[in-house]
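Participant: Quick one: the structure is below, and I'll ask about it shortly.
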Amino acid sequence: MDLPQNFIVMILFLLIFSSTLLKTKAQHPAVFVRLLNSDNNHAVCLDGSPSGYYFSKGYGEGANNWVVFLEGGAWCGGGYCQTWIQGKTTYKLPDTLQLTGILGHDQTLNPDFYNWNRVRVVYCDGASFMGDAPFDKGKNLTRKGMKIFKYVMKDLLAKGMQTANNAILTGSSAGGLAAMLHCDMFRSLVDHVKTVKCIADSGFFLAGTDPSLPGFNLREHRFDVVVERHDVAKFLPKECTSRLNSTLCMFPQNIIQNIKTPLFIIESGFDSYQMSTGIGNIDTSFTHCTHTMSGCTPSDIQTMKDFRRIFIETLKEKVNGPARGLFVHSCVAHSHFDYDSKWSNPRVAVGGKNIQQAVGDWYFERRPVYDVDVRDVELELCF
């Protein structure tokens, strides 16, 4: 019996993944670096716990190269912050962590960056590392995301990043947005580094005013409380805030043209998080549909296809120029760099190239990468 080619490819991937996973567990995990003096600089998490990052030291040819990953995890503005920080406080974090995806140290799954200095910055401020508001005595919250970002960078520079040969700022979801918002600042901090680039994974949150995509007010509300409560406006690009209200300047489509550092965007055309949280008149069944691809009605499918069409149109319009790269696949997903199953999966691909290959090709300039899947496809999770 002849087996389908896709099935054979997946079996081979799972065999490789299983064998490399065993080797990964045998390796030394990344160590959590608690910035114990961060309270003196007010660079602390919402609940006052110390900011910090997981660190795995580079070696061999990667010893003088750095990839800095900003964690994601949505946002919080008002009272929800007290609930949000319970899952983010560094008081509860383990001392070590096995890094995966773009931070993974298995050469088979991550051949371009496995031996670099790899940093995973803990996200615990709730505003994509952008806030700097007065202490909230009523709720006992410290909103100091910008101070956290700067203090972490200062510590990394002292560890050797200042004299690196290569440096990447990246992140997923809220961290992907942060990678764009901080991209040029990062470049200025490592101004002696030969090659500096930014990569945003699932961070291009769509504003979208097309009438066929309901919910603009819902999408705008995603950021308005965050901007207000965390006092973010003063850090947003003046080129944007001079013509639009500050909330709209959190949306990448309104700021990307002002980013000078080379930038690569990774997205799913069917971004499950954006579809489930950013389209008006949604209900529990639609949310379940976007995350599981089960129980979807014809209307649900059409709504998701409308989202994809508008999303790709916006990305093509805004992500252009010689210093830009774009990769948009068609699997239903959100956030890729955290997971080996997405980072190097042959099914999460465009034109035969998966995400890991596309990122390496773009960063090392092996080829221009502007890979966008516009085929009329059946919606599927792919992993």
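Naming works like this for the structure tokens: A, B, ... for the chains as they're shown, residue 1 at the start of each chain, ligands 1 onward in shown order.
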For A:Val31, list every protein, DNA or RNA residue within 7 Å, evaluated using only C-alpha atoms, and leave out those in the same chain fewer than 2 positions away; present the list as a ChimeraX atom specification.

Facilitator: /A:29,33,54-56,95-97

Participant: For the selection just defined, write its residues with N, CA, C and O atoms to a file, as a CSV table (one decimal), in the first residue's frame.

Facilitator:
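Listing of selection.csv after writing:
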```
chain,number,residue,atom,x,y,z
A,29,PRO,N,20.4,22.6,31.2
A,29,PRO,CA,19.4,23.6,30.9
A,29,PRO,C,19.9,25.0,31.1
A,29,PRO,O,21.0,25.2,31.7
A,33,VAL,N,18.7,33.9,35.8
A,33,VAL,CA,19.5,35.0,36.3
A,33,VAL,C,18.5,36.0,36.9
A,33,VAL,O,17.8,36.7,36.2
A,54,TYR,N,16.5,33.7,31.5
A,54,TYR,CA,17.2,32.5,31.5
A,54,TYR,C,18.3,32.6,30.5
A,54,TYR,O,18.2,33.2,29.4
A,55,PHE,N,19.4,32.0,30.8
A,55,PHE,CA,20.6,32.3,30.0
A,55,PHE,C,21.4,30.9,29.8
A,55,PHE,O,21.6,30.1,30.7
A,56,SER,N,21.7,30.7,28.5
A,56,SER,CA,22.6,29.6,28.1
A,56,SER,C,23.8,30.1,27.4
A,56,SER,O,23.6,30.8,26.3
A,95,ASP,N,14.7,27.4,38.8
A,95,ASP,CA,16.0,27.9,38.6
A,95,ASP,C,16.6,27.6,37.3
A,95,ASP,O,17.6,28.2,36.8
A,96,THR,N,16.1,26.5,36.6
A,96,THR,CA,16.6,26.1,35.3
A,96,THR,C,15.4,25.9,34.3
A,96,THR,O,14.3,25.6,34.8
A,97,LEU,N,15.7,25.9,33.0
A,97,LEU,CA,14.7,25.7,32.0
A,97,LEU,C,15.3,25.1,30.8
A,97,LEU,O,16.4,25.6,30.3
```

Participant: So which residues touch A:Arg222 within 9 Å, counting only C-alpha atoms, skipping near sequence neighbours fewer than 4 positions away, as a ChimeraX atom specification?

Facilitator: /A:75-76,217-218,226,247,277-278

Participant: Output the selection as a PDB file, in the first residue's frame - N, CA and C atoms for each residue.

Facilitator:
```pdb
ATOM      1  N   TRP A  75      -1.531  40.863  27.669  1.00  0.00           N
ATOM      2  CA  TRP A  75      -1.296  42.126  28.358  1.00  0.00           C
ATOM      3  C   TRP A  75      -2.297  42.265  29.497  1.00  0.00           C
ATOM      4  N   CYS A  76      -2.048  43.223  30.366  1.00  0.00           N
ATOM      5  CA  CYS A  76      -3.034  43.563  31.388  1.00  0.00           C
ATOM      6  C   CYS A  76      -2.985  45.063  31.628  1.00  0.00           C
ATOM      7  N   ASN A 217     -13.268  48.038  17.299  1.00  0.00           N
ATOM      8  CA  ASN A 217     -13.267  48.590  18.656  1.00  0.00           C
ATOM      9  C   ASN A 217     -12.733  47.585  19.664  1.00  0.00           C
ATOM     10  N   LEU A 218     -13.050  46.308  19.433  1.00  0.00           N
ATOM     11  CA  LEU A 218     -12.545  45.249  20.309  1.00  0.00           C
ATOM     12  C   LEU A 218     -11.033  45.158  20.215  1.00  0.00           C
ATOM     13  N   VAL A 226      -4.034  49.370  28.436  1.00  0.00           N
ATOM     14  CA  VAL A 226      -2.605  49.121  28.657  1.00  0.00           C
ATOM     15  C   VAL A 226      -1.810  50.417  28.495  1.00  0.00           C
ATOM     16  N   THR A 247      -3.023  54.789  21.371  1.00  0.00           N
ATOM     17  CA  THR A 247      -3.440  53.393  21.302  1.00  0.00           C
ATOM     18  C   THR A 247      -3.179  52.803  19.927  1.00  0.00           C
ATOM     19  N   THR A 277      -9.775  36.376  19.707  1.00  0.00           N
ATOM     20  CA  THR A 277      -9.908  37.489  20.651  1.00  0.00           C
ATOM     21  C   THR A 277     -10.129  38.842  19.981  1.00  0.00           C
ATOM     22  N   GLY A 278      -9.991  38.915  18.656  1.00  0.00           N
ATOM     23  CA  GLY A 278     -10.022  40.216  18.008  1.00  0.00           C
ATOM     24  C   GLY A 278     -11.074  40.396  16.945  1.00  0.00           C
TER      25      GLY A 278
END
```

Participant: From the list A:Ile148, A:Val193, A:Val68, A:Val44, which residue is nearest A:Phe135 when using only C-alpha atoms?

Facilitator: A:Val44

Participant: Within stretch 103-223 of chain A, find each residue whose DSSP state, derived from the backbone, is alpha helix (DSSP H), and express the selection as a VMD selection string.

Facilitator: chain A and resid 145 to 159 174 to 181 183 to 189 216 to 223

Participant: Closest to A:Glu61 among A:Ser246, A:Asn166, A:Asn115, A:Gln98, using only C-alpha atoms?

Facilitator: A:Asn115

Participant: Set out as JSON lines a contact list for stretch 53-110 of chain A and stretch 317-339 of chain A with a cut-off of 8 Å, giving each residue of stretch 53-110 of chain A that qualifies its closest atom pair and distance in Å to one decimal, counting only C-alpha atoms, ordered by chain and rising residue number.

Facilitator:
```
{"residue": "A:Thr100", "atom": "CA", "partner": "A:Tyr339", "partner_atom": "CA", "distance": 5.9}
{"residue": "A:Gly101", "atom": "CA", "partner": "A:Tyr339", "partner_atom": "CA", "distance": 4.9}
{"residue": "A:Ile102", "atom": "CA", "partner": "A:Phe337", "partner_atom": "CA", "distance": 5.4}
{"residue": "A:Leu103", "atom": "CA", "partner": "A:Asp338", "partner_atom": "CA", "distance": 7.9}
```

Participant: Find the residues around stretch 283-295 of chain A up to 8 Å (only C-alpha atoms counted), leave out those fewer than 3 positions away in its own chain, and share them as an MDAnalysis selection string.

Facilitator: chainID A and resid 272 275:277 300 332 379:381

Participant: Using the chain letters and numbers from this document, which residues of stretch 105-328 of chain A does DSSP assign to strand (DSSP E), as an MDAnalysis selection string?

Facilitator: chainID A and resid 117:121 166:172 195:201 263:268 324:328

Participant: At what distance in Å, to one decimal, does atom CA of A:Ile168 lie from atom CA of A:Lys197?

Facilitator: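 For atom CA of A:Lys197 relative to atom CA of A:Ile168, the distance reads 5.2 Å.
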
Participant: For a test of reading the model, state the distance in Å between atom CA of A:Leu35 and atom CA of A:Gly52, rounded to one decimal.

Facilitator: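 Computing it gives 5.3 Å between the two atoms.
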
Participant: For A:Val121, find every residue with an atom within 12 Å (counting only C-alpha atoms), except residues of its own chain fewer than 6 positions away, and show them as a ChimeraX atom specification.

Facilitator: /A:30-35,51-56,67-72,88,90,99,103,128-129,145,148-153,155-156,169-172,175,178-179

Participant: Output N, CA, C and O atoms for every residue in the selection just made, as a short mmCIF file (atom, residue, chain, number, x, y, z; two decimals), in the first residue's frame.

Facilitator:
```
data_model
loop_
_atom_site.label_atom_id
_atom_site.label_comp_id
_atom_site.auth_asym_id
_atom_site.auth_seq_id
_atom_site.Cartn_x
_atom_site.Cartn_y
_atom_site.Cartn_z
N ALA A 30 19.14 25.98 30.64
CA ALA A 30 19.46 27.39 30.87
C ALA A 30 19.23 27.73 32.34
O ALA A 30 18.35 27.17 33.00
N VAL A 31 20.02 28.65 32.84
CA VAL A 31 19.96 29.04 34.26
C VAL A 31 19.23 30.37 34.39
O VAL A 31 19.45 31.30 33.59
N PHE A 32 18.37 30.47 35.40
CA PHE A 32 17.64 31.71 35.62
C PHE A 32 18.53 32.72 36.35
O PHE A 32 19.07 32.43 37.41
N VAL A 33 18.67 33.88 35.76
CA VAL A 33 19.45 34.97 36.33
C VAL A 33 18.48 35.97 36.94
O VAL A 33 17.77 36.69 36.22
N ARG A 34 18.40 36.00 38.26
CA ARG A 34 17.55 36.97 38.96
C ARG A 34 18.34 38.27 39.16
O ARG A 34 19.42 38.26 39.73
N LEU A 35 17.78 39.35 38.69
CA LEU A 35 18.44 40.64 38.83
C LEU A 35 18.08 41.21 40.20
O LEU A 35 17.14 41.99 40.35
N SER A 51 13.04 41.16 38.31
CA SER A 51 13.06 40.81 36.89
C SER A 51 14.24 39.87 36.63
O SER A 51 15.14 39.73 37.47
N GLY A 52 14.25 39.27 35.46
CA GLY A 52 15.35 38.35 35.18
C GLY A 52 15.20 37.67 33.83
O GLY A 52 14.30 37.98 33.05
N TYR A 53 16.09 36.71 33.59
CA TYR A 53 16.11 36.02 32.30
C TYR A 53 16.79 34.66 32.46
O TYR A 53 17.60 34.45 33.38
N TYR A 54 16.45 33.75 31.54
CA TYR A 54 17.16 32.47 31.46
C TYR A 54 18.31 32.62 30.47
O TYR A 54 18.15 33.23 29.41
N PHE A 55 19.44 32.05 30.84
CA PHE A 55 20.65 32.26 30.04
C PHE A 55 21.37 30.95 29.79
O PHE A 55 21.59 30.15 30.70
N SER A 56 21.73 30.72 28.52
CA SER A 56 22.57 29.59 28.14
C SER A 56 23.75 30.13 27.37
O SER A 56 23.59 30.77 26.32
N VAL A 67 21.30 35.77 20.78
CA VAL A 67 19.89 35.88 20.42
C VAL A 67 19.11 36.11 21.71
O VAL A 67 19.19 35.33 22.66
N VAL A 68 18.40 37.23 21.74
CA VAL A 68 17.64 37.65 22.93
C VAL A 68 16.15 37.54 22.61
O VAL A 68 15.64 38.21 21.71
N PHE A 69 15.47 36.68 23.36
CA PHE A 69 14.06 36.38 23.13
C PHE A 69 13.21 37.00 24.23
O PHE A 69 13.45 36.76 25.42
N LEU A 70 12.21 37.79 23.83
CA LEU A 70 11.28 38.41 24.78
C LEU A 70 10.02 37.54 24.86
O LEU A 70 9.35 37.34 23.85
N GLU A 71 9.73 37.04 26.04
CA GLU A 71 8.54 36.21 26.22
C GLU A 71 7.26 36.97 25.89
O GLU A 71 7.20 38.19 25.99
N GLY A 72 6.23 36.22 25.54
CA GLY A 72 4.90 36.77 25.35
C GLY A 72 3.97 36.32 26.47
O GLY A 72 4.40 35.72 27.45
N LYS A 88 2.96 34.84 36.31
CA LYS A 88 4.18 35.40 35.74
C LYS A 88 5.23 35.77 36.79
O LYS A 88 6.38 36.02 36.44
N THR A 90 8.18 36.06 39.24
CA THR A 90 9.44 35.31 39.24
C THR A 90 9.68 34.61 40.56
O THR A 90 10.61 33.79 40.67
N LEU A 99 15.50 25.14 27.06
CA LEU A 99 15.13 26.06 26.00
C LEU A 99 14.83 25.28 24.71
O LEU A 99 15.47 24.27 24.43
N LEU A 103 15.69 29.10 20.55
CA LEU A 103 16.67 29.08 21.65
C LEU A 103 17.18 27.67 21.93
O LEU A 103 18.02 27.48 22.81
N SER A 128 4.20 44.56 27.22
CA SER A 128 5.23 44.34 26.19
C SER A 128 6.50 45.12 26.48
O SER A 128 7.11 45.73 25.60
N PHE A 129 6.91 45.12 27.76
CA PHE A 129 8.16 45.76 28.19
C PHE A 129 8.17 47.26 27.86
O PHE A 129 9.21 47.83 27.57
N GLY A 145 7.76 48.13 32.76
CA GLY A 145 8.28 47.28 31.69
C GLY A 145 9.48 47.86 30.98
O GLY A 145 10.43 47.13 30.63
N ILE A 148 12.54 47.39 33.04
CA ILE A 148 12.96 46.00 33.00
C ILE A 148 13.79 45.74 31.74
O ILE A 148 14.87 45.15 31.80
N PHE A 149 13.27 46.17 30.60
CA PHE A 149 13.98 45.95 29.34
C PHE A 149 15.38 46.57 29.40
O PHE A 149 16.38 45.92 29.07
N LYS A 150 15.48 47.80 29.83
CA LYS A 150 16.78 48.48 29.86
C LYS A 150 17.73 47.84 30.86
O LYS A 150 18.93 47.71 30.60
N TYR A 151 17.20 47.41 32.00
CA TYR A 151 18.07 46.82 33.02
C TYR A 151 18.58 45.45 32.59
O TYR A 151 19.75 45.11 32.81
N VAL A 152 17.72 44.67 31.94
CA VAL A 152 18.16 43.38 31.40
C VAL A 152 19.23 43.60 30.34
O VAL A 152 20.26 42.91 30.32
N MET A 153 19.01 44.55 29.44
CA MET A 153 19.99 44.82 28.39
C MET A 153 21.32 45.26 28.99
O MET A 153 22.39 44.85 28.52
N ASP A 155 22.58 44.35 31.80
CA ASP A 155 23.24 43.17 32.34
C ASP A 155 23.82 42.30 31.23
O ASP A 155 24.93 41.77 31.36
N LEU A 156 23.11 42.18 30.13
CA LEU A 156 23.60 41.38 29.01
C LEU A 156 24.81 42.04 28.34
O LEU A 156 25.75 41.34 27.93
N LEU A 169 17.32 40.48 18.29
CA LEU A 169 16.24 40.68 19.25
C LEU A 169 14.99 40.07 18.65
O LEU A 169 14.60 40.40 17.53
N THR A 170 14.37 39.18 19.40
CA THR A 170 13.19 38.50 18.90
C THR A 170 12.20 38.28 20.03
O THR A 170 12.46 38.62 21.20
N GLY A 171 11.05 37.73 19.71
CA GLY A 171 10.03 37.45 20.72
C GLY A 171 8.79 36.92 20.04
O GLY A 171 8.64 37.01 18.82
N SER A 172 7.89 36.36 20.85
CA SER A 172 6.65 35.80 20.33
C SER A 172 5.44 36.48 20.97
O SER A 172 5.46 36.81 22.15
N GLY A 175 5.60 39.42 23.11
CA GLY A 175 7.05 39.60 23.00
C GLY A 175 7.48 39.91 21.58
O GLY A 175 8.48 40.60 21.36
N ALA A 178 6.84 43.47 21.27
CA ALA A 178 7.92 44.16 21.98
C ALA A 178 9.20 44.21 21.16
O ALA A 178 9.92 45.20 21.18
N ALA A 179 9.49 43.13 20.42
CA ALA A 179 10.69 43.11 19.59
C ALA A 179 10.64 44.21 18.53
O ALA A 179 11.68 44.81 18.19
#
```

Participant: For A:Gly131, work out the shell of residues within 9 Å, counting only C-alpha atoms and skipping chain neighbours fewer than 4 positions away, then give it as a list in words.

Facilitator: Asp125, Gly126, Ala127, Arg143, Lys144, Gly145, Met146, Lys147, Val226, Val227, Arg229, His230, Asp231, Val232, Ala233 and Phe235 of chain A

Participant: Now that the selection is made, can you save its residues with C-alpha atoms as an mmCIF file, in the first residue's frame?

Facilitator:
```cif
data_model
loop_
_atom_site.group_PDB
_atom_site.id
_atom_site.type_symbol
_atom_site.label_atom_id
_atom_site.label_comp_id
_atom_site.auth_asym_id
_atom_site.auth_seq_id
_atom_site.Cartn_x
_atom_site.Cartn_y
_atom_site.Cartn_z
ATOM 1 C CA ASP A 125 5.123 43.644 33.361
ATOM 2 C CA GLY A 126 1.988 43.165 31.239
ATOM 3 C CA ALA A 127 2.720 45.862 28.639
ATOM 4 C CA ARG A 143 4.258 48.937 36.065
ATOM 5 C CA LYS A 144 7.878 49.295 34.906
ATOM 6 C CA GLY A 145 8.282 47.282 31.695
ATOM 7 C CA MET A 146 10.626 49.777 30.032
ATOM 8 C CA LYS A 147 12.916 49.807 33.047
ATOM 9 C CA VAL A 226 -2.605 49.121 28.657
ATOM 10 C CA VAL A 227 -1.369 52.399 27.162
ATOM 11 C CA ARG A 229 -2.430 52.448 32.967
ATOM 12 C CA HIS A 230 1.195 51.691 32.103
ATOM 13 C CA ASP A 231 1.897 55.213 30.791
ATOM 14 C CA VAL A 232 3.183 53.804 27.501
ATOM 15 C CA ALA A 233 2.499 56.773 25.202
ATOM 16 C CA PHE A 235 7.756 55.631 24.597
#
```

Participant: Find the distance between atom CA of A:Val372 and atom CA of A:Phe186 and write it in Å to one decimal.

Facilitator: 27.5 Å
